[in-house]
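Trainee: Have a look at this one before I ask anything.
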Amino acid sequence: MSTQEAQGHLISPEMPAVFDGMKLAAVATVLYVIVRLLNLKSPTAPPDLTYQDTPLNRFLLKSSPLLTKDYIPPLLWGKSGHLQTALYGKLGRVNSPHPHGQRKYLPMPDGATATFDLFEPLADHLTGDDVTMVICPGIGNHSEKHYVRTFVDYSQRQGYRCAVLNHLGALPNIELTSPRMFTYGCTWEFSAMVSHIKKTFPETQLVVVGFSLGGNIVCKYLGENHANQERVLCGVSLCQGYSALRAQETFFQWDQCRRFYNFLMADNMKKIILAHRRSLFTGSSSKMTDADLGHLFTATSLTQIDDNIMRKFHGYRSLKEYYEKESCVHYIHNVDVPLLLVNSADDPLVHNSLLTIPRTLAEKKQNTVFALTLHGGHLGFFEGAVLFPQPLTWMDKVIVEYANTICQWEKRKQPCGGAQGDETECSEDSS
């Protein structure tokens with residue numbers, strides 16, 4: 001047998017079919033991985049709601065279709081909590097507007113200077129009333145972040161005045177005037193902003209809104225002193241973890257890449273702190289040492305930064321004390337105004353075990369509604385047909401829709417007068 005004949009026997013007609021089969025298997029494997037990573041097989045569904053059957057909640061569900069209809073994220077990537085979170089973290093929002101406001105400066109008793117931005121409404125409110133959104137952004141955020149700008153612009157166009165707190169130390173062009181910056185649960189600056197709004201606009205009513213860390217701050221603010229709830233129509237918290245003490249263990253776990261997110265957030269906190277190095281680490285009133293600065297440089301987690309830096313701003317003796325005193329879980333049960341708590345099941349930053357806190361609260365308190373979406377990631381909640389997201393998110397719309405509903409509920413109660421029970425009965429009869 002010749003060499004050519006031998007080669008002909010080796011390359012049999014079956015060989016191309018084998019190679020084609022391997023190619024198909026490789027393509028199928030890649031597609032399977034893509035489907036799994038993008039969670040494409042996950043269905044769309046309405047938010048899972050936990051609430052008590054009350055006249056207010058019946059009116060809420062009747063008047064707020066976003067809470068009862070499917071949240072539909074972009075088809076190709078919107079069911080991945082990681083991609084939703086990454087797009088929020090990188091872009092904030094797409095085509096975000098540039099609302100024009102006035103920056104306000106408030107001196108604090110300890111020498112710090114709180115700042116917030118005030119945006120006037122661009123239309124009449126649907127009730128004709130004067131209503132102000134008092135907004136607390138996420139960790140290290142401020143009024144210039146894209147997601148904040150998008151929400152403010154939308155709220156203005158729905159007739160709301162907006163006041164947005166700039167976390168102490170978050171604005172890169174504003175120097176600290178004391179050796180202190182924002183912490184996980186310090187409500188001093190937010191309280192000063194709300195007091196200023198109440199004094200400047202004596203007829204206005206408030207809607208309190210908090211994003212992520214801001215959600216913890218606003219819920220703690222409302223619950224730590226009942227007087228803080230005066231003139232507050234309702235509160236909304238989005239994507240917060242409720243208990244820093246319980247969350248710290250989950251941030252060292254690798255499921256959902258949570259340890260990686262922890263590293264990224266710690267790196268961002270380092271940059272914010274080091275931008276104010278002179279104010280925080282020098283001077284006779286500083287509570288920081290050279291050793292603390294060294295620990296900051298080597299920190300790879302938020303817990304290490306909290307233990308070596310953040311807790312010392314308020315003199316906490318231990319990390320445990322800091323987390324316990326600054327978490328809203330110990331105060332939120334004192335909130336009596338209507339409260340909407342929103343989380344996403346695929347939020348890579350908030351472990352599912354933490355969601356027993358808002359769910360249990362909504363089961364016990366008539367004023368609280370807990371909404372858990374299947375998708376949305378951390379402060380993502382993008383909407384869109386296939387690939388490109390819309391500028392306005394489900395999150396932006398659901399906050400305003402909830403606030404509108406509560407405003408309408410309160411408006412319907414006004415002509416009835418009488419005791420609170422009589423007011424509720426009047427609202428129910430007129431619906």
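Chains: A, B, ... in order of the structure tokens. Residues: from 1 per chain. Ligands: from 1, in order shown.
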Residues near Phe182 in chain A, anyone? I mean within 9 Å using only C-alpha atoms, not counting same-chain ones fewer than 5 positions away, as a list of chain:residue names.

Mentor: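 Counting only C-alpha atoms, the residues come to A:Ile139, A:Gly140, A:His167, A:Leu168, A:Gly169, A:Ala170, A:Glu189, A:Met310, A:Phe313.
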
Trainee: So that I have them on file, write out the residues from the current selection with N, CA and C atoms, as a PDB file, in the first residue's frame.

Mentor:
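Final output, saved to out-v1.pdb:
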```
ATOM      1  N   ILE A 139     -23.109  55.397  49.301  1.00  0.00           N
ATOM      2  CA  ILE A 139     -21.806  55.573  49.929  1.00  0.00           C
ATOM      3  C   ILE A 139     -20.877  56.429  49.059  1.00  0.00           C
ATOM      4  N   GLY A 140     -20.365  57.487  49.648  1.00  0.00           N
ATOM      5  CA  GLY A 140     -19.432  58.361  48.955  1.00  0.00           C
ATOM      6  C   GLY A 140     -20.030  59.116  47.785  1.00  0.00           C
ATOM      7  N   HIS A 167     -22.661  63.878  50.808  1.00  0.00           N
ATOM      8  CA  HIS A 167     -22.010  63.277  51.971  1.00  0.00           C
ATOM      9  C   HIS A 167     -20.716  64.015  52.312  1.00  0.00           C
ATOM     10  N   LEU A 168     -20.498  64.200  53.592  1.00  0.00           N
ATOM     11  CA  LEU A 168     -19.358  64.955  54.092  1.00  0.00           C
ATOM     12  C   LEU A 168     -18.049  64.334  53.594  1.00  0.00           C
ATOM     13  N   GLY A 169     -17.341  65.069  52.731  1.00  0.00           N
ATOM     14  CA  GLY A 169     -16.096  64.579  52.168  1.00  0.00           C
ATOM     15  C   GLY A 169     -16.224  63.972  50.796  1.00  0.00           C
ATOM     16  N   ALA A 170     -17.456  63.805  50.299  1.00  0.00           N
ATOM     17  CA  ALA A 170     -17.662  63.129  49.016  1.00  0.00           C
ATOM     18  C   ALA A 170     -17.377  64.035  47.823  1.00  0.00           C
ATOM     19  N   GLU A 189     -25.693  65.436  59.346  1.00  0.00           N
ATOM     20  CA  GLU A 189     -25.809  66.297  58.171  1.00  0.00           C
ATOM     21  C   GLU A 189     -27.196  66.206  57.541  1.00  0.00           C
ATOM     22  N   MET A 310     -13.089  54.826  60.326  1.00  0.00           N
ATOM     23  CA  MET A 310     -14.437  55.401  60.389  1.00  0.00           C
ATOM     24  C   MET A 310     -15.011  55.442  61.802  1.00  0.00           C
ATOM     25  N   PHE A 313     -14.133  58.494  64.172  1.00  0.00           N
ATOM     26  CA  PHE A 313     -14.694  59.831  64.008  1.00  0.00           C
ATOM     27  C   PHE A 313     -15.701  60.154  65.107  1.00  0.00           C
TER      28      PHE A 313
END
```

Trainee: As an NGL selection string, list the residues of range 231-282 of chain A assigned to alpha helix (DSSP H) by DSSP on the backbone atoms of this structure.

Mentor: :A and (244-250 or 258-275 or 277-281)

Trainee: Keeping only N, CA and C atoms, take the residues you just selected and write them out as a PDB file, in the first residue's frame.

Mentor:
```pdb
ATOM      1  N   ALA A 244     -25.191  46.509  59.502  1.00  0.00           N
ATOM      2  CA  ALA A 244     -23.778  46.389  59.132  1.00  0.00           C
ATOM      3  C   ALA A 244     -23.111  45.238  59.865  1.00  0.00           C
ATOM      4  N   LEU A 245     -23.561  44.968  61.092  1.00  0.00           N
ATOM      5  CA  LEU A 245     -22.961  43.894  61.872  1.00  0.00           C
ATOM      6  C   LEU A 245     -23.207  42.537  61.209  1.00  0.00           C
ATOM      7  N   ARG A 246     -24.422  42.328  60.741  1.00  0.00           N
ATOM      8  CA  ARG A 246     -24.741  41.072  60.058  1.00  0.00           C
ATOM      9  C   ARG A 246     -24.171  41.032  58.652  1.00  0.00           C
ATOM     10  N   ALA A 247     -24.002  42.190  58.036  1.00  0.00           N
ATOM     11  CA  ALA A 247     -23.510  42.225  56.662  1.00  0.00           C
ATOM     12  C   ALA A 247     -22.006  42.005  56.565  1.00  0.00           C
ATOM     13  N   GLN A 248     -21.258  42.352  57.624  1.00  0.00           N
ATOM     14  CA  GLN A 248     -19.798  42.308  57.528  1.00  0.00           C
ATOM     15  C   GLN A 248     -19.282  40.907  57.212  1.00  0.00           C
ATOM     16  N   GLU A 249     -19.914  39.868  57.774  1.00  0.00           N
ATOM     17  CA  GLU A 249     -19.477  38.505  57.498  1.00  0.00           C
ATOM     18  C   GLU A 249     -19.719  38.132  56.041  1.00  0.00           C
ATOM     19  N   THR A 250     -20.838  38.568  55.493  1.00  0.00           N
ATOM     20  CA  THR A 250     -21.160  38.206  54.112  1.00  0.00           C
ATOM     21  C   THR A 250     -20.221  38.872  53.117  1.00  0.00           C
ATOM     22  N   ARG A 258     -18.859  38.727  46.123  1.00  0.00           N
ATOM     23  CA  ARG A 258     -19.042  39.783  47.121  1.00  0.00           C
ATOM     24  C   ARG A 258     -17.707  40.264  47.686  1.00  0.00           C
ATOM     25  N   ARG A 259     -16.746  39.373  47.829  1.00  0.00           N
ATOM     26  CA  ARG A 259     -15.429  39.777  48.336  1.00  0.00           C
ATOM     27  C   ARG A 259     -14.745  40.727  47.354  1.00  0.00           C
ATOM     28  N   PHE A 260     -14.949  40.508  46.072  1.00  0.00           N
ATOM     29  CA  PHE A 260     -14.361  41.384  45.063  1.00  0.00           C
ATOM     30  C   PHE A 260     -14.999  42.775  45.124  1.00  0.00           C
ATOM     31  N   TYR A 261     -16.323  42.821  45.255  1.00  0.00           N
ATOM     32  CA  TYR A 261     -17.003  44.111  45.396  1.00  0.00           C
ATOM     33  C   TYR A 261     -16.519  44.833  46.653  1.00  0.00           C
ATOM     34  N   ASN A 262     -16.290  44.077  47.713  1.00  0.00           N
ATOM     35  CA  ASN A 262     -15.789  44.648  48.956  1.00  0.00           C
ATOM     36  C   ASN A 262     -14.450  45.337  48.728  1.00  0.00           C
ATOM     37  N   PHE A 263     -13.582  44.686  47.974  1.00  0.00           N
ATOM     38  CA  PHE A 263     -12.279  45.267  47.657  1.00  0.00           C
ATOM     39  C   PHE A 263     -12.433  46.559  46.851  1.00  0.00           C
ATOM     40  N   LEU A 264     -13.320  46.550  45.853  1.00  0.00           N
ATOM     41  CA  LEU A 264     -13.511  47.737  45.018  1.00  0.00           C
ATOM     42  C   LEU A 264     -14.051  48.910  45.828  1.00  0.00           C
ATOM     43  N   MET A 265     -15.028  48.649  46.694  1.00  0.00           N
ATOM     44  CA  MET A 265     -15.594  49.727  47.512  1.00  0.00           C
ATOM     45  C   MET A 265     -14.572  50.249  48.521  1.00  0.00           C
ATOM     46  N   ALA A 266     -13.748  49.337  49.061  1.00  0.00           N
ATOM     47  CA  ALA A 266     -12.701  49.769  49.985  1.00  0.00           C
ATOM     48  C   ALA A 266     -11.690  50.652  49.274  1.00  0.00           C
ATOM     49  N   ASP A 267     -11.357  50.298  48.045  1.00  0.00           N
ATOM     50  CA  ASP A 267     -10.410  51.110  47.275  1.00  0.00           C
ATOM     51  C   ASP A 267     -10.980  52.505  47.010  1.00  0.00           C
ATOM     52  N   ASN A 268     -12.275  52.578  46.737  1.00  0.00           N
ATOM     53  CA  ASN A 268     -12.910  53.878  46.516  1.00  0.00           C
ATOM     54  C   ASN A 268     -12.926  54.705  47.803  1.00  0.00           C
ATOM     55  N   MET A 269     -13.203  54.055  48.930  1.00  0.00           N
ATOM     56  CA  MET A 269     -13.187  54.764  50.210  1.00  0.00           C
ATOM     57  C   MET A 269     -11.795  55.286  50.540  1.00  0.00           C
ATOM     58  N   LYS A 270     -10.781  54.501  50.212  1.00  0.00           N
ATOM     59  CA  LYS A 270      -9.403  54.964  50.425  1.00  0.00           C
ATOM     60  C   LYS A 270      -9.156  56.279  49.689  1.00  0.00           C
ATOM     61  N   LYS A 271      -9.581  56.325  48.439  1.00  0.00           N
ATOM     62  CA  LYS A 271      -9.359  57.525  47.636  1.00  0.00           C
ATOM     63  C   LYS A 271     -10.057  58.738  48.240  1.00  0.00           C
ATOM     64  N   ILE A 272     -11.283  58.537  48.730  1.00  0.00           N
ATOM     65  CA  ILE A 272     -12.021  59.652  49.339  1.00  0.00           C
ATOM     66  C   ILE A 272     -11.308  60.134  50.603  1.00  0.00           C
ATOM     67  N   ILE A 273     -10.884  59.201  51.438  1.00  0.00           N
ATOM     68  CA  ILE A 273     -10.214  59.566  52.691  1.00  0.00           C
ATOM     69  C   ILE A 273      -8.885  60.256  52.418  1.00  0.00           C
ATOM     70  N   LEU A 274      -8.102  59.684  51.498  1.00  0.00           N
ATOM     71  CA  LEU A 274      -6.783  60.248  51.215  1.00  0.00           C
ATOM     72  C   LEU A 274      -6.880  61.614  50.533  1.00  0.00           C
ATOM     73  N   ALA A 275      -7.997  61.871  49.845  1.00  0.00           N
ATOM     74  CA  ALA A 275      -8.191  63.197  49.249  1.00  0.00           C
ATOM     75  C   ALA A 275      -8.295  64.273  50.319  1.00  0.00           C
ATOM     76  N   ARG A 277      -6.638  63.950  53.320  1.00  0.00           N
ATOM     77  CA  ARG A 277      -5.606  63.494  54.270  1.00  0.00           C
ATOM     78  C   ARG A 277      -5.172  64.600  55.220  1.00  0.00           C
ATOM     79  N   ARG A 278      -4.972  65.792  54.702  1.00  0.00           N
ATOM     80  CA  ARG A 278      -4.496  66.887  55.548  1.00  0.00           C
ATOM     81  C   ARG A 278      -5.511  67.225  56.640  1.00  0.00           C
ATOM     82  N   SER A 279      -6.799  67.255  56.292  1.00  0.00           N
ATOM     83  CA  SER A 279      -7.838  67.619  57.267  1.00  0.00           C
ATOM     84  C   SER A 279      -8.052  66.524  58.303  1.00  0.00           C
ATOM     85  N   LEU A 280      -7.911  65.264  57.890  1.00  0.00           N
ATOM     86  CA  LEU A 280      -8.270  64.154  58.763  1.00  0.00           C
ATOM     87  C   LEU A 280      -7.120  63.671  59.636  1.00  0.00           C
ATOM     88  N   PHE A 281      -5.875  63.824  59.162  1.00  0.00           N
ATOM     89  CA  PHE A 281      -4.749  63.208  59.863  1.00  0.00           C
ATOM     90  C   PHE A 281      -3.767  64.205  60.468  1.00  0.00           C
TER      91      PHE A 281
END
```

Trainee: Using DSSP on the backbone coordinates, identify the residues of range 29-102 of chain A assigned to strand (DSSP E or B); present them as a list in words.

Mentor: Ala45, Asp48, Leu49, Thr50, Tyr71 and Gln102 of chain A

Trainee: Quick one: residues within 9 Å of Thr373 in chain A, only C-alpha atoms, excluding same-chain residues fewer than 3 positions away - as a ChimeraX atom specification?

Mentor: /A:45-49,71,342-346,376

Trainee: Please report the interatomic distance between CA of Asp53 in chain A and CA of Asn367 in chain A in Å with one decimal.

Mentor: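 Taking CA of Asp53 in chain A as the start and CA of Asn367 in chain A as the end point, the length is 10.3 Å.
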
Trainee: Find the residue from A:Thr177, A:Asn95, A:Ser212, A:Ser64 that sits nearest to Ser285 in chain A; use only C-alpha atoms when measuring.

Mentor: A:Thr177

Trainee: Can you pull out every residue within 8 Å of range 200-209 of chain A, counting only C-alpha atoms, but drop anything in the same chain fewer than 2 positions away, and send it as a PyMOL selection string?

Mentor: chain A and resi 129-136+196-198+211+214-215+218+231-237+403

Trainee: Write out as a list of chain:residue names which residues come within 9 Å of Val386 in chain A when counting only C-alpha atoms, dropping same-chain ones fewer than 5 positions away.

Mentor: A:Pro73, A:Pro74, A:Leu75, A:Leu76, A:Trp77, A:Gly78

Trainee: Please provide as a list in words all residues within 10 Å of His226 in chain A, with the sequence filter that same-chain residues fewer than 3 positions apart are discarded (counting only C-alpha atoms).

Mentor: Tyr221, Leu222, Gly223, Gln229, Glu230, Asn334, Val335 and Asp336 of chain A

Trainee: So the first atom is CA of Leu56 in chain A and the second is CA of His125 in chain A; what is the distance between them in Å, to one decimal place?

Mentor: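 Separation of CA of Leu56 in chain A and CA of His125 in chain A: 20.5 Å.
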